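Trainee: Quick one: the structure is below, questions incoming.
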Amino acid sequence: MGYHSEKLINELNEKAQQFRLDVLEMIHERGAGHPGGSLSAVEIITALFFHHLKIDANHPDWPERDRFILSKGHASPLLYSALARRGYFPVEELHTWGHLGSRLQGHPDRLKTPGVEMTTGVLGHGICIGAGLCLAARLKDFNYHTYVLLGDGECQCGVIWEGLMIAAKYRLSKLTAIVDYNDVQLDGPVHEIMPLEPFAEKWRSFNFAVLEIDGHNIRQVLDALDMAKEIHGQPTVIIAHTTKGKGVSFMENKAEWHGLAPNDVQYIQAVNELKGEMR
Amino acid sequence: MIKKVSIRKAFGEALADYGAINFNIVVVVADVSASVQTEYFAERFPERFFNVGIAEQGMVDTGVGLALGGMIPFVNTFAGLMLRAVEQIRTCVAYAKTNVKIIGGYAGLSDYKDGATHYSIMDIAIMRAMPEMVVMVPADANEAKKMVPLVAEYDGPVYLRISRAETPLVFNDDHKVKIGKGIIIREGKDVTLIGNGVMVFRCLEAAKLLAEEGIGARVINMHTIKPLDISLVKQAADDTEAIITAEEHSIIGGLGSAVAEVLGKYHPVPLEQVGIADSFVETALDPESLLDHYGMAIEDIIKAAHRTIIRKREKFEKLLKK
């Protein structure tokens with residue numbers, strides 16, 4: 001486990017707020033997108049892309065790079081913003097998101113966007129794909145880790161649990177799943193639509209090591225990512241408890257902000273709230 | 001008695017042999033390696049063989065991950081059960097253009113003992129509708145063997161349909177096959193029979209009987225349904241002005257439909273589709289009687305040839321009267 005300095009935590013928290021502004025700007029400008037589940041995953045993505053992942057924007061195809069799969073592909077603006085600010089493509093290109101001819105599709109497309117490891121958008125694919133990557137790494141003698149970010153609602157898909165069995169059978173300790181557990185999905189609260197609890201026990205009984213954290217606490221995210229790397233003989237899941245729409249008061253915990261763009265007034269209010277917090 | 005050879009065994013052995021020279025080949029299977037006969041590969045390369053249990057969706061997605069990691073996965077289950085993973089195939093294989101080889105075993109009606117739950121009569125229609133997907137059906141054991149390295153070395157998604165049946169050999173050991181290039185295996189000027197899979201042999205038999213009546217039937221082995229050999233279809237339409245398609249598949253969306261799309265655009269000539277009518281199919285004691293009973297008998301091809309030739313004549317007579 002690494003020690004993470006106050007300075008690093010502060011820097012990452014500032015970056016996180018920048019991502020929130022990026023996401024809102026992108027969704028407002030495009031008039032479409034998924035703010036709720038993008039804002040809930042901000043700290044997780046920040047910790048991964050600005051500290052934890054071994055990646056090189058100048059060499060997106062570096063064979064030894066860590067792999068990150070955004071299984072909850074609707075958080076695409078957050079991924080695009082992270083990739084742009086990490087140097088994979090110009091930040092100005094974020095304005096083209098969703099336009100005809102843009103490299104930035106509504107949902108991530110691995111063939112179009114540098115740094116996107118896998119095309120996603122339909123939920124449920126990430127664990128099995130991550131397991132396959134880990135098996136390939138083992139056969140090819142690569143040392144990289146594979147990270148899969150899942151939504152909580154996504155864990156209602158049966159194929160996720162097929163993936164858990166596969167990852168556990170082959171003892172894929174270089175696979176780390178992260179669940180953005182914000183407890184809200186398109187139609188309402190996850191615990192009402194289709195309850196997941198006892199969630200951690202489910203993962204444990206599928207032979208995953210389970211870490212539970214506050215997904216908005218950068219230090220906890222960093223520590224959990226480090227700890228997951230030290231667990232051997234089994235894959236790990238980090239269950240990150242989060243708030244859907246985190247940082248914008250009127251979006252928080254509201255299912256209607258799953259896939260809705262703010263209007264001009266709402267956008268200004270959201271930006272003011274976030275900037276107030278930044279000061 | 002004509003000697004019959006198992007298509008699936010030839011495929012399984014060829015895959016194991018090819019695995020010995022290409023170390024990137026991996027197999028992911030959903031509990032049917034003994035059936036689809038990827039077990040030969042498993043015996044020789046256990047470290048490159050992954051059995052994920054009865055989890056077809058997980059199987060395809062695991063294959064996708066292996067492909068992203070630089071391997072060449074052959075994911076395999078029964079063609080009829082592969083339908084469970086159609087969304088995985090669309091999103092993660094076809095759209096994401098990952099180098100995954102999808103092997104649909106026990107294809108068509110060849111699992112004659114198990115019935116409609118296990119048959120695949122719409123797999124070609126579904127796979128063919130997917131952009132980026134190559135769709136192939138070998139006619140016999142030798143062609144299946146030749147397709148293994150071909151499919152493995154092609155960079156991109158492929159659907160390969162493998163019958164459970166033992167069938168008469170159409171081709172010998174030096175048979176050559178290329179993706180997207182149909183093969184004329186018998187010449188004729190009156191009608192063209194375009195078949196694939198186990199129907200190729202039946203087309204040849206029909207052509208022999210037609211020859212006895214004085215009708216010259218060209219026979220084409222259209223082993224690749226996508227990309228379809230359009231110029232070969234156009235040429236057949238120009239040369240013979242009457243076309244029969246023959247496939248062990250629903251007449252909706254398969255080879256017959258693919259040929260009809262070409263004819264409709266370039267040269268509409270009388271066309272008849274031999275295949276399964278829009279219906280589910282029952283069990284039987286052997287695969288041949290199923291084919292015979294459900295409209296794919298040699299006699300069905302001959303009758304279809306007669307009908308198209310009559311339609312062709314009527315067309316010319318009308319033109320002459322004008």
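Please note that chains go A, B, ... in the order of the structure tokens, that every chain numbers its residues from 1, and that ligands are numbered from 1 in the order shown.
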Which residues, written as a PyMOL selection string, have at least one atom at most 12 Å from A:Leu79, with only C-alpha atoms counted and residues fewer than 2 positions away on the same chain left out?

Mentor: chain A and resi 19-20+22-23+26+37-39+41-46+48-49+68-77+81-86+88+94+97+104-109+113-118+120+149

Trainee: Those residues with N, CA and C atoms, as a short mmCIF file (atom, residue, chain, number, x, y, z; two decimals), in the first residue's frame please?

Mentor:
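The resulting file, result-v6.cif, is shown below:
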```cif
data_model
loop_
_atom_site.label_atom_id
_atom_site.label_comp_id
_atom_site.auth_asym_id
_atom_site.auth_seq_id
_atom_site.Cartn_x
_atom_site.Cartn_y
_atom_site.Cartn_z
N PHE A 19 -13.32 17.74 -13.93
CA PHE A 19 -14.07 16.73 -14.71
C PHE A 19 -15.57 16.95 -14.60
N ARG A 20 -16.00 17.32 -13.38
CA ARG A 20 -17.44 17.59 -13.22
C ARG A 20 -17.87 18.72 -14.15
N ASP A 22 -16.36 19.67 -16.91
CA ASP A 22 -16.27 19.17 -18.30
C ASP A 22 -17.52 18.38 -18.67
N VAL A 23 -17.89 17.46 -17.79
CA VAL A 23 -19.02 16.58 -18.07
C VAL A 23 -20.29 17.41 -18.27
N MET A 26 -20.13 19.40 -21.50
CA MET A 26 -20.32 18.53 -22.68
C MET A 26 -21.78 18.13 -22.85
N GLY A 37 -24.74 9.28 -13.70
CA GLY A 37 -23.74 8.22 -13.56
C GLY A 37 -22.35 8.62 -13.98
N SER A 38 -22.22 9.79 -14.64
CA SER A 38 -20.88 10.31 -14.92
C SER A 38 -20.35 11.01 -13.67
N LEU A 39 -21.21 11.82 -13.04
CA LEU A 39 -20.76 12.57 -11.86
C LEU A 39 -20.45 11.64 -10.68
N ALA A 41 -19.01 8.81 -10.78
CA ALA A 41 -17.77 8.05 -10.99
C ALA A 41 -16.54 8.95 -11.10
N VAL A 42 -16.69 10.24 -10.85
CA VAL A 42 -15.61 11.20 -11.11
C VAL A 42 -14.34 10.89 -10.30
N GLU A 43 -14.47 10.64 -9.01
CA GLU A 43 -13.28 10.41 -8.19
C GLU A 43 -12.58 9.11 -8.59
N ILE A 44 -13.38 8.12 -8.96
CA ILE A 44 -12.80 6.83 -9.38
C ILE A 44 -11.96 7.02 -10.64
N ILE A 45 -12.55 7.71 -11.61
CA ILE A 45 -11.84 7.93 -12.89
C ILE A 45 -10.61 8.82 -12.66
N THR A 46 -10.76 9.83 -11.82
CA THR A 46 -9.63 10.72 -11.55
C THR A 46 -8.46 9.95 -10.95
N LEU A 48 -7.83 6.80 -11.12
CA LEU A 48 -7.26 5.86 -12.09
C LEU A 48 -6.39 6.58 -13.12
N PHE A 49 -6.97 7.57 -13.78
CA PHE A 49 -6.27 8.16 -14.94
C PHE A 49 -5.19 9.15 -14.55
N PHE A 68 -8.11 -0.39 -19.05
CA PHE A 68 -9.29 0.10 -18.35
C PHE A 68 -10.50 -0.05 -19.27
N ILE A 69 -11.52 -0.71 -18.78
CA ILE A 69 -12.76 -0.87 -19.56
C ILE A 69 -13.90 -0.18 -18.84
N LEU A 70 -14.49 0.79 -19.54
CA LEU A 70 -15.64 1.48 -18.98
C LEU A 70 -16.88 0.65 -19.31
N SER A 71 -17.17 -0.32 -18.47
CA SER A 71 -18.31 -1.20 -18.76
C SER A 71 -19.61 -0.40 -18.73
N LYS A 72 -19.68 0.59 -17.83
CA LYS A 72 -20.86 1.47 -17.83
C LYS A 72 -20.59 2.58 -18.86
N GLY A 73 -20.76 2.20 -20.13
CA GLY A 73 -20.33 3.06 -21.24
C GLY A 73 -21.04 4.40 -21.32
N HIS A 74 -22.16 4.54 -20.62
CA HIS A 74 -22.89 5.81 -20.68
C HIS A 74 -22.17 6.92 -19.92
N ALA A 75 -21.14 6.57 -19.15
CA ALA A 75 -20.31 7.62 -18.52
C ALA A 75 -19.25 8.10 -19.51
N SER A 76 -19.56 8.01 -20.80
CA SER A 76 -18.59 8.36 -21.84
C SER A 76 -18.03 9.78 -21.72
N PRO A 77 -18.84 10.81 -21.39
CA PRO A 77 -18.22 12.15 -21.34
C PRO A 77 -17.10 12.22 -20.30
N SER A 81 -13.32 13.13 -21.25
CA SER A 81 -12.67 14.25 -20.60
C SER A 81 -11.35 13.80 -19.96
N ALA A 82 -11.37 12.62 -19.32
CA ALA A 82 -10.14 12.10 -18.71
C ALA A 82 -9.07 11.84 -19.77
N LEU A 83 -9.48 11.24 -20.88
CA LEU A 83 -8.51 10.93 -21.94
C LEU A 83 -7.94 12.21 -22.54
N ALA A 84 -8.81 13.19 -22.76
CA ALA A 84 -8.35 14.45 -23.36
C ALA A 84 -7.37 15.14 -22.41
N ARG A 85 -7.73 15.23 -21.14
CA ARG A 85 -6.88 15.95 -20.18
C ARG A 85 -5.63 15.14 -19.84
N ARG A 86 -5.63 13.86 -20.19
CA ARG A 86 -4.44 13.03 -20.01
C ARG A 86 -3.56 13.08 -21.25
N TYR A 88 -4.53 12.26 -24.64
CA TYR A 88 -4.78 11.33 -25.76
C TYR A 88 -5.28 12.06 -27.01
N LEU A 94 -13.41 17.78 -27.27
CA LEU A 94 -14.56 17.39 -26.45
C LEU A 94 -15.84 18.07 -26.95
N TRP A 97 -18.16 16.03 -29.33
CA TRP A 97 -18.81 14.80 -28.85
C TRP A 97 -20.23 14.63 -29.42
N LEU A 104 -15.60 11.09 -31.19
CA LEU A 104 -16.21 10.83 -29.89
C LEU A 104 -17.68 10.47 -30.07
N GLN A 105 -17.96 9.19 -30.12
CA GLN A 105 -19.33 8.70 -30.30
C GLN A 105 -20.13 8.85 -29.01
N GLY A 106 -21.44 8.72 -29.11
CA GLY A 106 -22.29 8.79 -27.93
C GLY A 106 -21.77 7.87 -26.83
N HIS A 107 -21.50 6.65 -27.20
CA HIS A 107 -20.87 5.69 -26.29
C HIS A 107 -19.48 5.35 -26.84
N PRO A 108 -18.56 4.93 -25.97
CA PRO A 108 -17.17 4.75 -26.39
C PRO A 108 -17.00 3.73 -27.52
N ASP A 109 -16.15 4.08 -28.47
CA ASP A 109 -15.87 3.24 -29.64
C ASP A 109 -14.36 3.07 -29.74
N THR A 113 -11.69 6.27 -31.00
CA THR A 113 -11.12 7.20 -30.01
C THR A 113 -9.84 6.65 -29.40
N PRO A 114 -8.73 7.38 -29.53
CA PRO A 114 -7.48 6.92 -28.91
C PRO A 114 -7.65 6.77 -27.39
N GLY A 115 -7.18 5.66 -26.87
CA GLY A 115 -7.25 5.45 -25.42
C GLY A 115 -8.46 4.66 -24.98
N VAL A 116 -9.47 4.54 -25.84
CA VAL A 116 -10.63 3.71 -25.49
C VAL A 116 -10.26 2.26 -25.76
N GLU A 117 -10.20 1.46 -24.70
CA GLU A 117 -9.76 0.07 -24.87
C GLU A 117 -10.83 -0.80 -25.51
N MET A 118 -12.09 -0.51 -25.15
CA MET A 118 -13.16 -1.36 -25.65
C MET A 118 -14.43 -0.57 -25.88
N THR A 120 -18.10 0.08 -25.66
CA THR A 120 -19.11 -0.31 -24.67
C THR A 120 -20.34 0.57 -24.82
N LEU A 149 -14.83 -0.77 -14.81
CA LEU A 149 -15.76 0.05 -14.03
C LEU A 149 -17.20 -0.31 -14.39
#
```

Trainee: Excluding A:Ala168 and residues on its chain fewer than 3 positions from it, collect all residues at most 8 Å away from it, counting only C-alpha atoms, and give them as a PyMOL selection string.

Mentor: chain A and resi 164-165+171-172+206-208+234-235

Trainee: Distance table requested - chain B against chain A, cut-off 12 Å, only C-alpha atoms: one row per qualifying residue with the closest atom pair and its distance in Å to one decimal, ordered by chain and rising residue number, as a Markdown table.

Mentor:
```
| residue | atom | partner | partner_atom | distance |
| --- | --- | --- | --- | --- |
| B:Phe23 | CA | A:Leu139 | CA | 9.4 |
| B:Asn24 | CA | A:Leu139 | CA | 8.8 |
| B:Ile25 | CA | A:Leu139 | CA | 10.7 |
| B:Val26 | CA | A:Ala136 | CA | 9.2 |
| B:Val27 | CA | A:Gly132 | CA | 11.4 |
| B:Val28 | CA | A:Gly132 | CA | 9.7 |
| B:Val29 | CA | A:Ile166 | CA | 11.9 |
| B:Ala30 | CA | A:Glu162 | CA | 11.2 |
| B:Phe45 | CA | A:Leu139 | CA | 11.8 |
| B:Pro46 | CA | A:Leu139 | CA | 11.7 |
| B:Glu47 | CA | A:Leu139 | CA | 8.1 |
| B:Arg48 | CA | A:Leu139 | CA | 7.8 |
| B:Phe49 | CA | A:Leu135 | CA | 10.4 |
| B:Phe50 | CA | A:Tyr170 | CA | 9.1 |
| B:Asn51 | CA | A:Ile166 | CA | 8.9 |
| B:Val52 | CA | A:Ile166 | CA | 6.2 |
| B:Gly53 | CA | A:Ile166 | CA | 8.8 |
| B:Ile54 | CA | A:Glu162 | CA | 9.0 |
| B:Ala55 | CA | A:Glu162 | CA | 6.3 |
| B:Glu56 | CA | A:Val159 | CA | 8.9 |
| B:Gln57 | CA | A:Val159 | CA | 6.3 |
| B:Gly58 | CA | A:Glu162 | CA | 5.6 |
| B:Met59 | CA | A:Cys128 | CA | 7.8 |
| B:Val60 | CA | A:Cys128 | CA | 8.4 |
| B:Asp61 | CA | A:Ile129 | CA | 5.1 |
| B:Thr62 | CA | A:Gly132 | CA | 4.4 |
| B:Gly63 | CA | A:Gly132 | CA | 6.1 |
| B:Val64 | CA | A:Ile129 | CA | 5.9 |
| B:Gly65 | CA | A:Gly132 | CA | 3.8 |
| B:Leu66 | CA | A:Gly132 | CA | 4.4 |
| B:Ala67 | CA | A:Leu133 | CA | 7.8 |
| B:Leu68 | CA | A:Leu133 | CA | 6.5 |
| B:Gly69 | CA | A:Ala136 | CA | 5.1 |
| B:Gly70 | CA | A:Ala136 | CA | 6.9 |
| B:Met71 | CA | A:Ala136 | CA | 6.4 |
| B:Ile72 | CA | A:Ala136 | CA | 9.8 |
| B:Pro73 | CA | A:Gly132 | CA | 9.7 |
| B:Val75 | CA | A:Gly132 | CA | 11.8 |
| B:Arg84 | CA | A:Val159 | CA | 10.9 |
| B:Ala85 | CA | A:Val159 | CA | 9.9 |
| B:Glu87 | CA | A:Val122 | CA | 8.7 |
| B:Gln88 | CA | A:His125 | CA | 7.6 |
| B:Ile89 | CA | A:His125 | CA | 11.0 |
| B:Arg90 | CA | A:Val122 | CA | 10.4 |
| B:Thr91 | CA | A:Val122 | CA | 7.6 |
| B:Cys92 | CA | A:Thr119 | CA | 6.8 |
| B:Val93 | CA | A:Thr119 | CA | 9.6 |
| B:Ala94 | CA | A:Thr119 | CA | 10.6 |
| B:Tyr95 | CA | A:Thr119 | CA | 8.0 |
| B:Ala96 | CA | A:Thr119 | CA | 5.7 |
| B:Lys97 | CA | A:Leu111 | CA | 8.1 |
| B:Thr98 | CA | A:Met118 | CA | 9.5 |
| B:Val100 | CA | A:Gly132 | CA | 11.7 |
```

Trainee: For the residues in the current selection, export C-alpha atoms as a PDB file, in the first residue's frame.

Mentor:
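Generated file (result-v1.pdb):
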```
ATOM      1  CA  PHE B  23       0.417 -20.195 -30.661  1.00  0.00           C
ATOM      2  CA  ASN B  24      -2.097 -17.360 -30.626  1.00  0.00           C
ATOM      3  CA  ILE B  25      -4.993 -19.734 -31.169  1.00  0.00           C
ATOM      4  CA  VAL B  26      -7.155 -20.198 -28.089  1.00  0.00           C
ATOM      5  CA  VAL B  27     -10.450 -22.007 -27.654  1.00  0.00           C
ATOM      6  CA  VAL B  28     -13.315 -20.831 -25.468  1.00  0.00           C
ATOM      7  CA  VAL B  29     -16.185 -23.260 -25.187  1.00  0.00           C
ATOM      8  CA  ALA B  30     -19.503 -23.467 -23.355  1.00  0.00           C
ATOM      9  CA  PHE B  45      -3.090 -27.394 -25.576  1.00  0.00           C
ATOM     10  CA  PRO B  46      -4.859 -27.361 -22.208  1.00  0.00           C
ATOM     11  CA  GLU B  47      -3.281 -24.009 -21.311  1.00  0.00           C
ATOM     12  CA  ARG B  48      -4.969 -22.422 -24.332  1.00  0.00           C
ATOM     13  CA  PHE B  49      -8.353 -24.020 -23.766  1.00  0.00           C
ATOM     14  CA  PHE B  50     -11.002 -22.353 -21.605  1.00  0.00           C
ATOM     15  CA  ASN B  51     -14.262 -24.052 -20.733  1.00  0.00           C
ATOM     16  CA  VAL B  52     -16.589 -21.467 -19.203  1.00  0.00           C
ATOM     17  CA  GLY B  53     -19.506 -23.815 -18.595  1.00  0.00           C
ATOM     18  CA  ILE B  54     -23.010 -23.245 -19.886  1.00  0.00           C
ATOM     19  CA  ALA B  55     -22.497 -19.531 -20.326  1.00  0.00           C
ATOM     20  CA  GLU B  56     -22.736 -18.610 -23.997  1.00  0.00           C
ATOM     21  CA  GLN B  57     -22.729 -14.855 -23.447  1.00  0.00           C
ATOM     22  CA  GLY B  58     -19.786 -15.098 -21.092  1.00  0.00           C
ATOM     23  CA  MET B  59     -18.017 -17.293 -23.617  1.00  0.00           C
ATOM     24  CA  VAL B  60     -18.264 -14.743 -26.415  1.00  0.00           C
ATOM     25  CA  ASP B  61     -17.243 -11.818 -24.187  1.00  0.00           C
ATOM     26  CA  THR B  62     -14.301 -13.771 -22.766  1.00  0.00           C
ATOM     27  CA  GLY B  63     -13.251 -14.439 -26.348  1.00  0.00           C
ATOM     28  CA  VAL B  64     -13.502 -10.718 -27.025  1.00  0.00           C
ATOM     29  CA  GLY B  65     -11.139  -9.983 -24.137  1.00  0.00           C
ATOM     30  CA  LEU B  66      -8.678 -12.610 -25.378  1.00  0.00           C
ATOM     31  CA  ALA B  67      -8.795 -11.031 -28.834  1.00  0.00           C
ATOM     32  CA  LEU B  68      -8.141  -7.574 -27.363  1.00  0.00           C
ATOM     33  CA  GLY B  69      -5.137  -9.152 -25.664  1.00  0.00           C
ATOM     34  CA  GLY B  70      -3.737 -10.346 -28.996  1.00  0.00           C
ATOM     35  CA  MET B  71      -4.985 -13.934 -29.076  1.00  0.00           C
ATOM     36  CA  ILE B  72      -7.134 -15.519 -31.806  1.00  0.00           C
ATOM     37  CA  PRO B  73     -10.092 -17.045 -29.983  1.00  0.00           C
ATOM     38  CA  VAL B  75     -15.455 -19.522 -29.400  1.00  0.00           C
ATOM     39  CA  ARG B  84     -28.194 -16.539 -26.819  1.00  0.00           C
ATOM     40  CA  ALA B  85     -25.108 -14.392 -27.378  1.00  0.00           C
ATOM     41  CA  GLU B  87     -26.032  -9.104 -28.626  1.00  0.00           C
ATOM     42  CA  GLN B  88     -22.495  -9.900 -27.484  1.00  0.00           C
ATOM     43  CA  ILE B  89     -21.651 -10.807 -31.068  1.00  0.00           C
ATOM     44  CA  ARG B  90     -23.209  -7.649 -32.462  1.00  0.00           C
ATOM     45  CA  THR B  91     -21.710  -5.197 -29.991  1.00  0.00           C
ATOM     46  CA  CYS B  92     -18.412  -6.695 -28.913  1.00  0.00           C
ATOM     47  CA  VAL B  93     -17.421  -8.746 -31.966  1.00  0.00           C
ATOM     48  CA  ALA B  94     -18.946  -7.147 -35.065  1.00  0.00           C
ATOM     49  CA  TYR B  95     -19.217  -3.478 -34.057  1.00  0.00           C
ATOM     50  CA  ALA B  96     -16.006  -3.460 -32.031  1.00  0.00           C
ATOM     51  CA  LYS B  97     -14.417  -5.482 -34.867  1.00  0.00           C
ATOM     52  CA  THR B  98     -12.573  -7.844 -32.569  1.00  0.00           C
ATOM     53  CA  VAL B 100     -13.088 -13.436 -32.719  1.00  0.00           C
TER      54      VAL B 100
END
```

Trainee: What parts of stretch 94-321 of chain B does DSSP call alpha helix (DSSP H)? I'd like the answer as a ChimeraX atom specification.

Mentor: /B:123-128,141-153,199-212,230-240,255-266,287-291,298-321

Trainee: What lies within 12 Å of B:Asp239 using only C-alpha atoms, ignoring chain neighbours under 2 positions off, as a short mmCIF file (atom, residue, chain, number, x, y, z; two decimals) with C-alpha atoms, in the first residue's frame?

Mentor:
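The new file result.cif reads:
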```cif
data_model
loop_
_atom_site.label_atom_id
_atom_site.label_comp_id
_atom_site.auth_asym_id
_atom_site.auth_seq_id
_atom_site.Cartn_x
_atom_site.Cartn_y
_atom_site.Cartn_z
CA GLU B 187 -20.59 -26.67 -65.66
CA GLY B 188 -24.00 -26.31 -67.24
CA LYS B 189 -25.86 -23.81 -69.42
CA ASP B 190 -29.55 -24.27 -68.61
CA VAL B 191 -29.80 -23.59 -64.90
CA THR B 192 -27.44 -22.85 -61.98
CA GLY B 216 -27.32 -28.82 -68.13
CA ALA B 217 -27.03 -27.61 -64.52
CA ARG B 218 -24.11 -25.54 -63.33
CA SER B 231 -19.79 -11.47 -59.82
CA LEU B 232 -20.19 -15.25 -59.79
CA VAL B 233 -23.93 -14.86 -59.14
CA LYS B 234 -24.24 -12.25 -61.91
CA GLN B 235 -22.34 -14.50 -64.28
CA ALA B 236 -24.63 -17.43 -63.46
CA ALA B 237 -27.68 -15.24 -64.09
CA GLU B 241 -30.99 -17.28 -66.81
CA ALA B 242 -32.38 -19.58 -64.09
CA ILE B 243 -31.12 -20.05 -60.56
CA HIS B 267 -30.33 -9.26 -63.37
CA VAL B 269 -34.00 -14.09 -63.54
#
```
